[in-house]
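**Student:** First the structure, which I've put down as structure tokens, then a few questions once you've had a look.
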Amino acid sequence: MGIKKFDQERCVAGCGICIDDCPMDVFSEDPETGKAQAAYPQDCYECLLCEEECPAKVIKISPAVVRKVWYPYKNT
């Protein structure tokens, strides 16, 4: 699923942490506002670096796959 929420209004102009940290170059700087924007959200592979490092906490990532743990020895 990737980027669930990105609140550009609360984004700190010139911060650029998400732009620098993203290994997939999902974010870029908006030339008009100087704030980050999710330019390629479809390329996000949910590493969570942007969400963890954002000082303004404007990014929320939603994992595409929820892993279930199966215990073969567990009694049902």
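Starting from 1 in every chain, residues are counted up; chains themselves are A, B, ... following the order of the structure tokens, and ligands are numbered from 1 as listed.
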Residues within 12 Å of Gln8 of chain A, please, as a PyMOL selection string. Count only C-alpha atoms; anything in the same chain fewer than 6 positions from it doesn't count.

**Tutor:** chain A and resi 27-30+33-39+56-60

**Student:** Could those selected residues go to a file with C-alpha atoms, as a short mmCIF file (atom, residue, chain, number, x, y, z; two decimals), in the first residue's frame?

**Tutor:**
```cif
data_model
loop_
_atom_site.label_atom_id
_atom_site.label_comp_id
_atom_site.auth_asym_id
_atom_site.auth_seq_id
_atom_site.Cartn_x
_atom_site.Cartn_y
_atom_site.Cartn_z
CA PHE A 27 9.94 12.25 -2.49
CA SER A 28 11.07 15.40 -4.25
CA GLU A 29 11.08 19.10 -3.42
CA ASP A 30 8.10 21.13 -4.56
CA THR A 33 6.81 25.83 -1.71
CA GLY A 34 10.22 24.32 -1.00
CA LYS A 35 8.48 21.51 0.88
CA ALA A 36 8.71 17.81 0.17
CA GLN A 37 6.11 16.13 -1.99
CA ALA A 38 5.35 12.49 -2.68
CA ALA A 39 6.32 12.52 -6.36
CA ALA A 56 7.17 17.00 11.87
CA LYS A 57 5.63 13.48 11.76
CA VAL A 58 3.66 14.24 8.59
CA ILE A 59 4.22 10.86 6.89
CA LYS A 60 2.31 7.65 7.61
#
```

**Student:** Could you tell me, as a VMD selection string, which residues of chain A DSSP assigns to helix (DSSP H, G or I) when given the backbone?

**Tutor:** chain A and resid 17 to 21 41 to 43 49 to 53

**Student:** Filtering to C-alpha atoms, could you give me those residues as a PDB file, in the first residue's frame?

**Tutor:**
```
ATOM      1  CA  ILE A  17      15.114  14.505   5.433  1.00  0.00           C
ATOM      2  CA  CYS A  18      12.601  12.290   3.630  1.00  0.00           C
ATOM      3  CA  ILE A  19      14.076  13.287   0.262  1.00  0.00           C
ATOM      4  CA  ASP A  20      17.597  12.396   1.397  1.00  0.00           C
ATOM      5  CA  ASP A  21      16.674   9.201   3.286  1.00  0.00           C
ATOM      6  CA  PRO A  41       4.238   7.115  -4.190  1.00  0.00           C
ATOM      7  CA  GLN A  42       3.838   3.959  -6.283  1.00  0.00           C
ATOM      8  CA  ASP A  43       7.583   3.282  -5.867  1.00  0.00           C
ATOM      9  CA  LEU A  49      12.714   5.454   6.994  1.00  0.00           C
ATOM     10  CA  CYS A  50      10.747   8.575   6.066  1.00  0.00           C
ATOM     11  CA  GLU A  51       8.096   8.006   8.738  1.00  0.00           C
ATOM     12  CA  GLU A  52      10.664   7.386  11.470  1.00  0.00           C
ATOM     13  CA  GLU A  53      12.964  10.298  10.574  1.00  0.00           C
TER      14      GLU A  53
END
```

**Student:** Just the number, please: distance in Å from atom CA of Tyr40 of chain A to atom CA of Asp25 of chain A, one decimal.

**Tutor:** 7.5 Å

**Student:** Can you list every residue in chain A that DSSP puts in strand (DSSP E), as a PyMOL selection string?

**Tutor:** chain A and resi 2-6+27-29+36-38+59-62

**Student:** Quick one, how far is atom CA of Pro23 of chain A from atom CA of Glu9 of chain A?

**Tutor:** 23.6 Å

**Student:** Tell me which protein, DNA and RNA residues are within 10 Å of Tyr45 of chain A, counting only C-alpha atoms, leaving out same-chain ones fewer than 3 positions away, and put them as an MDAnalysis selection string.

**Tutor:** chainID A and resid 1:3 22:24 26 41:42 48 61:64

**Student:** Mind dumping the selected residues with C-alpha atoms as a PDB file, in the first residue's frame?

**Tutor:**
```pdb
ATOM      1  CA  MET A   1       0.000   0.000   0.000  1.00  0.00           C
ATOM      2  CA  GLY A   2       2.867   2.401   0.692  1.00  0.00           C
ATOM      3  CA  ILE A   3       2.226   5.997   1.659  1.00  0.00           C
ATOM      4  CA  CYS A  22      14.337   7.532   0.786  1.00  0.00           C
ATOM      5  CA  PRO A  23      16.227   4.787  -1.095  1.00  0.00           C
ATOM      6  CA  MET A  24      13.574   4.740  -3.836  1.00  0.00           C
ATOM      7  CA  VAL A  26       9.726   8.658  -3.728  1.00  0.00           C
ATOM      8  CA  PRO A  41       4.238   7.115  -4.190  1.00  0.00           C
ATOM      9  CA  GLN A  42       3.838   3.959  -6.283  1.00  0.00           C
ATOM     10  CA  LEU A  48       9.591   3.244   7.061  1.00  0.00           C
ATOM     11  CA  ILE A  61       3.216   4.413   5.873  1.00  0.00           C
ATOM     12  CA  SER A  62       0.816   1.504   5.614  1.00  0.00           C
ATOM     13  CA  PRO A  63       2.333  -1.930   5.000  1.00  0.00           C
ATOM     14  CA  ALA A  64       0.856  -3.749   2.005  1.00  0.00           C
TER      15      ALA A  64
END
```
